[in-house]
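Chemist: I am attaching a structure below and will ask some questions about it afterwards.
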Amino acid sequence: MFHPDEKRAKPGDVIEFERNNMVYTGRVMPSRAENSIVVDISGMDRYEELNHGYHNTVVNHTKYRIVEEEVS
């Protein structure tokens with residue numbers, strides 16, 4: 001089962017989120033959204049098979065976990 005964390009991701013962080021019983025990985029993009037983040041999933045393994053028509057998707061802050069934090 002997928003367990004989100006409570007930390008908020010910043011642009012450049014790598015996150016995981018679940019959608020349609022599948023775990024996606026992507027890099028957080030700059031955004032002005034307050035309750036969600038924009039994630040680039042084009043670098044994900046098997047992206048071509050999973051492509052839903054867009055390179056980016058929106059994920060609510062309560063639905064992801066941070067895998068790797070961007071080093072400043």
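Following the order of the structure tokens, first chain is A, next is B, and so on, with residues numbered from 1 inside each chain and ligands from 1 in the order they appear.
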Could you give me, as a VMD selection string, the residues within 10 Å of A:Ile41, counting only C-alpha atoms and dropping anything in the same chain fewer than 4 positions from it?

Modeler: chain A and resid 14 to 16 24 to 28 45 47 50 to 51 54 to 57

Chemist: Return as a ChimeraX atom specification the full set of residues in chain A whose backbone-based DSSP assignment is strand (DSSP E).

Modeler: /A:14-19,22-29,36-40,56-60,64-68

Chemist: Which residues are near stretch 1-11 of chain A? Cut-off 7 Å, only C-alpha atoms, ignore same chain within fewer than 6 positions. Put them as an MDAnalysis selection string.

Modeler: chainID A and resid 18 28:30 61:66

Chemist: Atom CA of A:Val59 and atom CA of A:Ile37, how far apart in Å?

Modeler: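 Computed distance, atom CA of A:Ile37 to atom CA of A:Val59, equals 5.4 Å.
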
Chemist: Show which residues sit within 10 Å of A:Asn60, as a list in words. Count only C-alpha atoms, and ignore same-chain residues fewer than 5 positions away.

Modeler: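 Counting only C-alpha atoms, the residues come to Phe17, Ala33, Glu34, Asn35, Ser36, Ile37 and Val38 of chain A.
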
Chemist: With only C-alpha atoms as the basis for distance, which of A:Val58, A:Arg46, A:Glu70, A:Asp40 is at the shortest distance from A:Arg19?

Modeler: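 Closest candidate: A:Val58.
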
Chemist: If you run DSSP on the backbone here, which positions in chain A get helix (DSSP H, G or I)? Please write them as a list of chain:residue names.

Modeler: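 Put together, the selection reads A:Tyr47, A:Glu48, A:Glu49, A:Leu50, A:His61, A:Thr62, A:Lys63.
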
Chemist: If you keep N, CA and C atoms, can you produce a file of those selected residues as an mmCIF file, in the first residue's frame?

Modeler:
```
data_model
loop_
_atom_site.group_PDB
_atom_site.id
_atom_site.type_symbol
_atom_site.label_atom_id
_atom_site.label_comp_id
_atom_site.auth_asym_id
_atom_site.auth_seq_id
_atom_site.Cartn_x
_atom_site.Cartn_y
_atom_site.Cartn_z
ATOM 1 N N TYR A 47 7.792 5.306 -19.519
ATOM 2 C CA TYR A 47 6.915 6.458 -19.756
ATOM 3 C C TYR A 47 6.115 6.300 -21.048
ATOM 4 N N GLU A 48 6.751 5.818 -22.094
ATOM 5 C CA GLU A 48 6.062 5.677 -23.381
ATOM 6 C C GLU A 48 4.844 4.762 -23.268
ATOM 7 N N GLU A 49 4.938 3.711 -22.456
ATOM 8 C CA GLU A 49 3.807 2.797 -22.265
ATOM 9 C C GLU A 49 2.698 3.440 -21.436
ATOM 10 N N LEU A 50 3.086 4.314 -20.505
ATOM 11 C CA LEU A 50 2.133 4.911 -19.577
ATOM 12 C C LEU A 50 1.635 6.272 -20.024
ATOM 13 N N HIS A 61 -0.909 17.965 -2.456
ATOM 14 C CA HIS A 61 0.145 17.825 -1.439
ATOM 15 C C HIS A 61 -0.064 16.630 -0.517
ATOM 16 N N THR A 62 -1.275 16.142 -0.378
ATOM 17 C CA THR A 62 -1.533 15.007 0.521
ATOM 18 C C THR A 62 -1.399 13.658 -0.166
ATOM 19 N N LYS A 63 -1.005 13.639 -1.447
ATOM 20 C CA LYS A 63 -1.015 12.398 -2.234
ATOM 21 C C LYS A 63 0.349 11.929 -2.721
#
```
